[in-house]
Structures are given as structure tokens and as C-alpha cells.
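Asker: Next up, data04.csv (CSV, C-alpha atoms).
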```
chain,number,residue,atom,x,y,z
A,673,MET,CA,67.7,21.3,140.4
A,674,ASN,CA,70.8,23.2,139.1
A,675,LEU,CA,72.1,20.1,137.5
A,676,VAL,CA,68.8,19.5,135.7
A,677,LEU,CA,68.6,23.1,134.6
A,678,SER,CA,72.1,23.0,133.2
A,679,ALA,CA,71.3,19.8,131.3
A,680,LEU,CA,68.0,21.2,130.1
A,681,HIS,CA,68.7,22.8,126.8
A,682,PHE,CA,65.9,23.4,124.3
A,683,PRO,CA,67.3,23.8,120.8
A,684,PRO,CA,66.1,26.9,118.8
A,685,ILE,CA,63.2,26.2,116.4
A,686,GLY,CA,65.6,27.0,113.6
A,687,GLU,CA,67.7,24.0,114.5
A,688,LEU,CA,64.6,21.7,114.5
A,689,VAL,CA,63.4,22.6,111.0
A,690,GLU,CA,66.6,23.8,109.3
A,691,TRP,CA,68.8,21.0,108.1
A,692,ARG,CA,72.2,21.8,106.6
A,693,GLY,CA,72.7,21.2,102.9
A,694,ILE,CA,74.5,18.2,101.5
A,695,LEU,CA,74.7,19.1,97.8
A,696,PHE,CA,74.6,22.5,96.0
A,697,LYS,CA,74.9,24.4,99.3
A,698,ASP,CA,73.7,28.0,99.5
A,699,SER,CA,72.0,27.7,96.1
A,700,PRO,CA,68.3,27.5,95.0
A,701,PHE,CA,68.9,23.8,94.3
A,702,GLU,CA,70.4,22.9,97.6
A,703,VAL,CA,69.8,19.3,98.7
A,704,ASN,CA,69.4,18.7,102.4
A,705,LYS,CA,68.1,15.9,104.5
A,706,VAL,CA,64.5,17.2,104.2
A,707,VAL,CA,64.8,17.0,100.4
A,708,LEU,CA,66.2,13.5,100.7
A,709,LEU,CA,63.3,12.5,103.0
A,710,MET,CA,60.9,13.8,100.4
A,711,TRP,CA,62.6,11.7,97.7
A,712,ALA,CA,62.6,8.8,100.0
A,713,GLY,CA,58.8,9.2,100.6
A,714,ALA,CA,58.1,9.2,96.9
A,715,LEU,CA,60.3,6.1,96.4
A,716,ILE,CA,58.6,4.3,99.3
A,717,VAL,CA,55.2,5.0,97.8
A,718,PHE,CA,56.3,3.8,94.4
A,719,LEU,CA,57.8,0.6,95.8
A,720,LEU,CA,54.6,-0.1,97.8
A,721,PHE,CA,52.5,0.1,94.7
A,722,TRP,CA,55.0,-1.7,92.5
A,723,SER,CA,55.3,-4.6,95.1
A,724,ALA,CA,51.5,-4.7,95.4
A,725,GLY,CA,51.1,-4.8,91.6
A,726,ARG,CA,53.6,-7.6,91.3
A,727,ALA,CA,51.8,-9.6,94.0
A,728,ALA,CA,48.4,-9.0,92.4
A,729,ALA,CA,49.8,-10.1,89.0
A,730,ARG,CA,50.8,-13.5,90.5
A,731,GLY,CA,47.1,-14.1,90.9
A,732,SER,CA,47.0,-14.8,94.7
A,733,LEU,CA,43.4,-15.3,95.8
A,734,VAL,CA,44.2,-14.0,99.3
A,735,PRO,CA,46.2,-10.7,99.4
A,736,THR,CA,49.0,-10.6,102.0
A,737,GLY,CA,51.7,-8.3,103.2
A,738,VAL,CA,52.2,-5.1,101.1
A,739,GLN,CA,49.3,-6.0,98.8
A,740,THR,CA,46.9,-6.0,101.8
A,741,ILE,CA,48.1,-2.6,102.9
A,742,VAL,CA,47.9,-1.1,99.5
A,743,GLU,CA,44.5,-2.6,98.6
A,744,SER,CA,43.1,-1.5,102.0
A,745,GLY,CA,44.3,2.0,101.3
A,746,ILE,CA,42.8,2.1,97.9
A,747,ASP,CA,39.4,0.8,99.2
A,748,PHE,CA,39.5,3.4,102.0
A,749,VAL,CA,40.1,6.3,99.6
A,750,ARG,CA,37.6,5.0,97.0
A,751,ASN,CA,34.8,4.2,99.4
A,752,ASP,CA,35.2,6.6,102.2
A,753,ILE,CA,36.5,9.7,100.4
A,754,ILE,CA,35.8,9.6,96.6
A,755,LEU,CA,32.3,8.1,96.7
A,756,GLN,CA,31.3,10.1,99.7
A,757,THR,CA,32.4,13.5,98.3
A,758,MET,CA,32.5,13.2,94.5
A,759,GLY,CA,30.2,10.3,93.7
A,760,PRO,CA,30.8,7.6,91.0
A,761,THR,CA,32.0,10.3,88.5
A,762,GLY,CA,35.0,10.9,90.7
A,763,LEU,CA,36.3,7.4,90.5
A,764,PRO,CA,38.8,8.3,87.7
A,765,TRP,CA,40.5,10.4,90.3
A,766,THR,CA,41.3,7.4,92.4
A,767,PRO,CA,45.0,7.0,91.3
A,768,PHE,CA,45.7,10.6,92.1
A,769,LEU,CA,44.0,10.8,95.4
A,770,VAL,CA,45.4,7.4,96.6
A,771,THR,CA,48.9,8.6,95.7
A,772,ILE,CA,48.3,11.8,97.6
A,773,PHE,CA,47.0,9.9,100.7
A,774,PHE,CA,49.9,7.5,100.8
A,775,PHE,CA,52.6,10.2,100.1
A,776,VAL,CA,51.3,12.5,102.8
A,777,PHE,CA,51.1,9.7,105.3
A,778,VAL,CA,54.6,8.4,104.6
A,779,THR,CA,56.2,11.9,104.8
A,780,ASN,CA,54.3,12.5,108.0
A,781,ILE,CA,55.2,9.1,109.7
A,782,PHE,CA,58.9,9.9,109.3
A,783,GLU,CA,58.3,11.9,112.5
A,784,VAL,CA,58.3,8.8,114.7
A,785,ILE,CA,60.9,6.7,112.8
A,786,PRO,CA,64.1,6.3,114.9
A,787,PHE,CA,67.1,8.3,113.7
A,788,ILE,CA,64.9,10.3,111.3
A,789,GLN,CA,62.3,11.8,113.6
A,790,PHE,CA,61.3,14.6,111.3
A,791,PRO,CA,58.0,15.0,109.4
A,792,VAL,CA,58.8,16.4,105.9
A,793,ASN,CA,55.5,18.4,106.0
A,794,ALA,CA,56.8,20.3,109.0
A,795,ARG,CA,58.5,22.4,106.4
A,796,MET,CA,56.1,24.6,104.5
A,797,ALA,CA,57.5,24.0,101.0
A,798,LEU,CA,56.0,20.5,100.4
A,799,PRO,CA,52.5,21.3,101.8
A,800,ALA,CA,52.5,24.5,99.8
A,801,PHE,CA,53.5,22.7,96.6
A,802,MET,CA,50.8,20.0,97.0
A,803,ALA,CA,48.2,22.6,97.9
A,804,LEU,CA,49.1,24.6,94.8
A,805,MET,CA,48.9,21.4,92.6
A,806,VAL,CA,45.4,20.7,94.0
A,807,TRP,CA,44.4,24.4,93.4
A,808,VAL,CA,45.6,24.2,89.7
A,809,ILE,CA,43.8,20.9,89.2
A,810,PHE,CA,40.4,21.9,90.6
A,811,ASN,CA,40.4,25.2,88.7
A,812,VAL,CA,41.3,23.5,85.4
A,813,VAL,CA,38.7,20.8,86.1
A,814,GLY,CA,36.1,23.5,86.8
A,815,ILE,CA,36.8,25.4,83.6
A,816,LYS,CA,36.9,22.3,81.6
A,817,SER,CA,33.6,21.0,83.0
A,818,GLN,CA,31.6,24.2,83.0
A,819,GLY,CA,33.5,26.6,80.7
A,820,LEU,CA,35.3,29.7,81.8
A,821,GLY,CA,32.2,31.8,82.3
A,822,GLY,CA,30.1,29.1,83.8
A,823,TYR,CA,32.8,28.2,86.3
A,824,PHE,CA,33.3,31.7,87.6
A,825,LYS,CA,29.5,32.2,87.6
A,826,SER,CA,29.0,29.2,89.8
A,827,MET,CA,32.0,30.1,92.0
A,828,LEU,CA,31.0,33.7,92.6
A,829,PHE,CA,27.2,33.6,92.7
A,830,PRO,CA,25.9,30.7,94.7
A,831,PRO,CA,22.2,29.9,94.3
A,832,GLY,CA,19.7,31.3,96.8
A,833,VAL,CA,21.7,34.4,97.7
A,834,PRO,CA,19.6,37.7,97.8
A,835,LYS,CA,20.5,40.0,95.1
A,836,PHE,CA,21.6,42.9,97.4
A,837,LEU,CA,24.2,40.5,98.9
A,838,LEU,CA,25.6,39.2,95.6
A,839,PRO,CA,28.5,41.7,95.4
A,840,LEU,CA,29.7,40.9,98.9
A,841,VAL,CA,29.2,37.2,98.5
A,842,ALA,CA,31.0,37.2,95.1
A,843,LEU,CA,34.0,39.0,96.7
A,844,ILE,CA,34.0,36.5,99.6
A,845,GLU,CA,33.7,33.5,97.4
A,846,PHE,CA,36.5,34.8,95.1
A,847,ILE,CA,38.9,35.3,97.9
A,848,SER,CA,37.9,32.0,99.5
A,849,THR,CA,38.4,29.9,96.3
A,850,ILE,CA,41.4,31.6,94.8
A,851,PHE,CA,43.4,32.4,97.9
A,852,VAL,CA,42.1,30.9,101.1
A,853,ARG,CA,41.6,27.3,99.9
A,854,PRO,CA,45.2,26.6,98.9
A,855,PHE,CA,46.6,28.6,101.8
A,856,SER,CA,44.5,26.8,104.4
A,857,LEU,CA,45.1,23.4,102.8
A,858,ALA,CA,48.9,24.0,103.1
A,859,VAL,CA,48.9,25.6,106.5
A,860,ARG,CA,46.7,23.0,108.1
A,861,LEU,CA,49.1,20.2,107.2
A,862,PHE,CA,52.2,22.2,108.0
A,863,ALA,CA,51.1,23.6,111.3
A,864,ASN,CA,49.8,20.3,112.7
A,865,MET,CA,53.0,18.4,111.8
A,866,LEU,CA,55.3,21.2,113.1
A,867,ALA,CA,53.3,21.4,116.4
A,868,GLY,CA,53.6,17.7,116.9
A,869,HIS,CA,57.3,17.7,116.1
A,870,LEU,CA,57.9,20.5,118.7
A,871,LEU,CA,56.0,18.6,121.3
A,872,LEU,CA,57.9,15.4,120.8
A,873,VAL,CA,61.2,17.3,120.9
A,874,THR,CA,60.1,19.1,124.1
A,875,PHE,CA,59.4,16.0,126.0
A,876,ALA,CA,62.4,14.2,124.6
A,877,VAL,CA,64.7,17.0,125.9
A,878,LEU,CA,62.9,17.0,129.2
A,879,SER,CA,63.3,13.2,129.6
A,880,ALA,CA,67.0,13.4,128.8
A,881,ALA,CA,67.5,16.3,131.2
A,882,LEU,CA,65.8,14.3,134.1
A,883,PHE,CA,67.8,11.2,133.3
A,884,THR,CA,70.2,11.8,136.2
A,885,LYS,CA,71.1,10.1,139.4
A,886,GLY,CA,69.9,13.0,141.4
A,887,PRO,CA,66.7,13.0,143.5
A,888,LEU,CA,64.7,14.5,140.6
A,889,ALA,CA,65.2,11.3,138.6
A,890,ILE,CA,62.1,10.1,140.5
A,891,VAL,CA,59.9,12.2,138.2
A,892,LEU,CA,61.6,10.9,135.0
A,893,PRO,CA,58.7,8.4,134.2
A,894,LEU,CA,56.3,11.3,133.9
A,895,PRO,CA,57.8,13.1,130.9
A,896,PHE,CA,59.0,9.8,129.4
A,897,LEU,CA,55.4,8.4,129.6
A,898,MET,CA,54.1,11.6,128.0
A,899,LEU,CA,56.7,11.1,125.2
A,900,ILE,CA,55.4,7.6,124.6
A,901,LEU,CA,51.8,8.7,124.6
A,902,LEU,CA,52.6,11.7,122.3
A,903,THR,CA,54.4,9.3,119.9
A,904,GLY,CA,51.3,7.2,119.6
A,905,PHE,CA,49.2,10.3,119.2
A,906,GLU,CA,51.4,11.6,116.4
A,907,ILE,CA,51.0,8.3,114.5
A,908,LEU,CA,47.2,9.0,114.6
A,909,VAL,CA,47.8,12.6,113.5
A,910,ALA,CA,49.9,11.4,110.6
A,911,VAL,CA,47.0,9.3,109.3
A,912,LEU,CA,44.4,11.9,110.1
A,913,GLN,CA,46.3,14.7,108.3
A,914,ALA,CA,46.7,12.5,105.3
A,915,PHE,CA,43.0,11.8,105.3
A,916,ILE,CA,42.1,15.5,105.8
A,917,PHE,CA,44.3,16.7,103.0
A,918,THR,CA,43.0,14.0,100.6
A,919,ILE,CA,39.3,14.5,101.4
A,920,LEU,CA,39.6,18.3,101.0
A,921,ALA,CA,41.3,17.8,97.6
A,922,ALA,CA,38.4,15.5,96.6
A,923,VAL,CA,35.9,18.0,97.9
A,924,TYR,CA,37.5,20.8,95.9
A,925,ILE,CA,37.8,18.8,92.7
A,926,GLY,CA,34.3,17.4,93.1
A,927,GLY,CA,32.8,20.9,93.7
A,928,ALA,CA,34.5,22.1,90.5
A,929,MET,CA,33.0,19.1,88.6
A,930,HIS,CA,29.5,19.4,90.0
A,931,PRO,CA,28.6,23.0,90.8
A,932,GLU,CA,25.6,23.8,93.1
A,933,HIS,CA,22.3,24.4,91.5
```
What would you get if you wrote out this structure as C-alpha cells?

Answerer:
Amino acid sequence: MNLVLSALHFPPIGELVEWRGILFKDSPFEVNKVVLLMWAGALIVFLLFWSAGRAAARGSLVPTGVQTIVESGIDFVRNDIILQTMGPTGLPWTPFLVTIFFFVFVTNIFEVIPFIQFPVNARMALPAFMALMVWVIFNVVGIKSQGLGGYFKSMLFPPGVPKFLLPLVALIEFISTIFVRPFSLAVRLFANMLAGHLLLVTFAVLSAALFTKGPLAIVLPLPFLMLILLTGFEILVAVLQAFIFTILAAVYIGGAMHPEH
């Protein structure tokens, strides 16, 4: 038992999410491994679409490989997200929402890639930036579609609310739309990916500590099996969080385009 306890060392959370800088250290423009993974995620998404576009340009009747993956993703976002939340008028937003879906998924799936094993969205900066971008877009779309006065009227005063409740409802709707939406959009993605990362690290450390020749090695398969199951579960979470972020972005943009009557 003492041998296991001495080998069992859980690194501080700071070591799990703070990666040392590589370039421009200790400056606002510091480049660390998280930044490199973010750039790598953007490059991977670009190469996926570029490769699929070249394959489609060759006129193949049956899509294969990367083309199949990309076209399946586009169909999924268009049919199961855009048409379900925004309707046909939301189809021009397909390129943006497809890019968001693939980018969030790729930066999430880094969590289970050997020798990387870190989801970029476990750092708050990237989810916050994407949430802020969605916030700016749906507010601009709302003002453009309804006019400044019409947008704030539809936002603050939902139809069917009794007049004596209008001041309270207006305050709640203002706080919800202006502050809660972008905050919850970012925190939901960040918290889920960070929690999954910590779980995987916990069971990886536990498995390593029990990997001894002592009598406790008999229980090694238990945390190791849990680590394998959690890895599979985190792959599902990576897809699910990409879907949730994308569908909420579509709901917010669609709601700004088509206010309730």
C-alpha cells in the first residue's frame, strides 16, 4: 500500500491546463502548445475541406474517404441543425455553422489523441472567443433584420406577457440575451471538456500507480478498464459538445432572424 501511495501523485490542476510558452514568453502574445493545437485544429479543418473539394472537383460519382466525412458532416449540420432550428432561410449560414461544428470537434478530439491528450477547449479562451463571435453575429443579424428598435422590442417584450410583468420580464430577457447566452455558451463547452480531461488524467495516474509487482496489481484492470471506457465516452462527448455549440449558435441566429409573434 505504501508503495502505491508513494507512486500515486496527482499533478495540480495548474499543470494540467497550463502549458509553458514556446515563443514570446511572458507576453500577451505568448505561443504555447495550446495555441499550437488551436492553429493545428484550424489547419486540419481547412485541409479536410480542401481535400474534399478537390475530390468533388474530380467528378467522382461515389464519394470516398475525406469527401465522405465532410459531406456527411455538411448534410448533418444542414438537415439536423439548420433546417430544424432556422428553416430554409437559414441555409446561407451553412458554411459558418459547418466550420464551427468541425472546428469544435477537432479541438475537442485532441483529448484522446496519443502524445497530445489535451482538448483545446479545456482552456476558457477559445470557447469564450467563439461564444463572443456568435453573440456579435446574432445581435448584428437581429438589428439588420428587424431594425434597432424592433430588435430590442422583440428581445425585451415577448408576446403574451401580462403588462404588469413586462418590466421584470424585460430585465430578465435583457440579462439573458446580452450576458447569460454568451457566458453559458462558453462555460458549457469549457466545463465539459475540462471535466473529461481531469477524469482521464485521474484514471491514467491511478492505473500507472497500480502498475506494480505488488499484491495490489491484481486490481490494476479496474482503473485501466475505466480509463478505456472513459476514453470512448469522451469521444462521444467531443461530438456532442460540437453539436450542442453549433445548434445553440443556430438557435440564437435563427431567433434573431425570426422573432416571436

Asker: Mind running region 776-875 of chain A against region 760-770 of chain A at 12 Å and telling me each contacting residue's nearest atom pair with the distance in Å (one decimal), counting all atoms listed in the file, chain and number ascending, as a Markdown table?

Answerer:
```
| residue | atom | partner | partner_atom | distance |
| --- | --- | --- | --- | --- |
| A:Val776 | CA | A:Val770 | CA | 10.0 |
| A:Phe777 | CA | A:Val770 | CA | 10.7 |
| A:Met802 | CA | A:Leu769 | CA | 11.6 |
| A:Met805 | CA | A:Phe768 | CA | 11.3 |
| A:Val806 | CA | A:Leu769 | CA | 10.1 |
| A:Ile809 | CA | A:Phe768 | CA | 10.9 |
| A:Phe810 | CA | A:Trp765 | CA | 11.5 |
| A:Val813 | CA | A:Trp765 | CA | 11.4 |
```

Asker: With a distance cut-off of 9 Å and only C-alpha atoms, select the neighbouring residues of Phe917 (chain A), excluding the residue or stretch itself and same-chain residues fewer than 4 positions from it, and output the selection as a list in words.

Answerer: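 The neighbour list is Ile772, Phe773, Val776, Ala803, Leu857, Ala858, Arg860, Leu861, Leu912, Gln913, Ala921 and Ala922 of chain A.
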
Asker: Separation of CA of His869 (chain A) and CA of Gln789 (chain A), in Å?

Answerer: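 One can read the CA of His869 (chain A) to CA of Gln789 (chain A) distance as 8.1 Å.
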
Asker: Considering only C-alpha atoms, return as a PyMOL selection string whatever protein or nucleic-acid residues lie within 12 Å of Asp752 (chain A), sequence-local ones (same chain, fewer than 4 positions apart) excluded.

Answerer: chain A and resi 744-748+756-759+763+766+769-770+915-916+918-919+922

Asker: In Å, how far is it from CA of Asn793 (chain A) to CA of Phe862 (chain A)?

Answerer: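 CA of Asn793 (chain A) sits 5.4 Å away from CA of Phe862 (chain A).
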
Asker: Figure out the distance between CA of Met796 (chain A) and CA of Val749 (chain A), please, to one decimal in Å.

Answerer: 24.8 Å

Asker: Using all atoms listed in the file, find the one residue out of A:Phe774, A:Phe905, A:Phe855, A:Trp711 that sits nearest to Leu871 (chain A).

Answerer: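 Nearest to Leu871 (chain A): A:Phe905.
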
Asker: Near Glu906 (chain A), counting all atoms listed in the file, which residues have an atom at most 12 Å away, once you skip same-chain residues fewer than 4 positions from it, shown as a PDB file with C-alpha atoms, keeping the file's coordinate frame?

Answerer:
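out-v7.pdb written:
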```
ATOM      1  CA  PHE A 777      51.100   9.700 105.300  1.00  0.00           C
ATOM      2  CA  ASN A 780      54.300  12.500 108.000  1.00  0.00           C
ATOM      3  CA  ILE A 781      55.200   9.100 109.700  1.00  0.00           C
ATOM      4  CA  PHE A 782      58.900   9.900 109.300  1.00  0.00           C
ATOM      5  CA  GLU A 783      58.300  11.900 112.500  1.00  0.00           C
ATOM      6  CA  VAL A 784      58.300   8.800 114.700  1.00  0.00           C
ATOM      7  CA  ILE A 785      60.900   6.700 112.800  1.00  0.00           C
ATOM      8  CA  GLN A 789      62.300  11.800 113.600  1.00  0.00           C
ATOM      9  CA  PHE A 790      61.300  14.600 111.300  1.00  0.00           C
ATOM     10  CA  PRO A 791      58.000  15.000 109.400  1.00  0.00           C
ATOM     11  CA  ASN A 864      49.800  20.300 112.700  1.00  0.00           C
ATOM     12  CA  MET A 865      53.000  18.400 111.800  1.00  0.00           C
ATOM     13  CA  LEU A 866      55.300  21.200 113.100  1.00  0.00           C
ATOM     14  CA  ALA A 867      53.300  21.400 116.400  1.00  0.00           C
ATOM     15  CA  GLY A 868      53.600  17.700 116.900  1.00  0.00           C
ATOM     16  CA  HIS A 869      57.300  17.700 116.100  1.00  0.00           C
ATOM     17  CA  LEU A 870      57.900  20.500 118.700  1.00  0.00           C
ATOM     18  CA  LEU A 871      56.000  18.600 121.300  1.00  0.00           C
ATOM     19  CA  LEU A 872      57.900  15.400 120.800  1.00  0.00           C
ATOM     20  CA  MET A 898      54.100  11.600 128.000  1.00  0.00           C
ATOM     21  CA  LEU A 899      56.700  11.100 125.200  1.00  0.00           C
ATOM     22  CA  ILE A 900      55.400   7.600 124.600  1.00  0.00           C
ATOM     23  CA  LEU A 901      51.800   8.700 124.600  1.00  0.00           C
ATOM     24  CA  LEU A 902      52.600  11.700 122.300  1.00  0.00           C
ATOM     25  CA  ALA A 910      49.900  11.400 110.600  1.00  0.00           C
ATOM     26  CA  VAL A 911      47.000   9.300 109.300  1.00  0.00           C
ATOM     27  CA  LEU A 912      44.400  11.900 110.100  1.00  0.00           C
ATOM     28  CA  GLN A 913      46.300  14.700 108.300  1.00  0.00           C
TER      29      GLN A 913
END
```

Asker: Leaving out Ala842 (chain A) and any residue of its chain fewer than 6 positions from it, which residues lie within 10 Å of it when counting only C-alpha atoms, given as a list in words?

Answerer: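 With the cut-off at 10 Å, the set is Phe824, Lys825, Ser826, Met827, Leu828, Phe829, Pro830 and Ser848 of chain A.
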
Asker: Mind checking which residues fall within 10 Å of Ala714 (chain A), counting only C-alpha atoms, ignoring those fewer than 6 positions away in the same chain, and posting them as a list in words?

Answerer: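 Contacts, in chain order: Leu708, Leu720, Thr771, Phe774, Phe775, Val776, Val778 and Thr779 of chain A.
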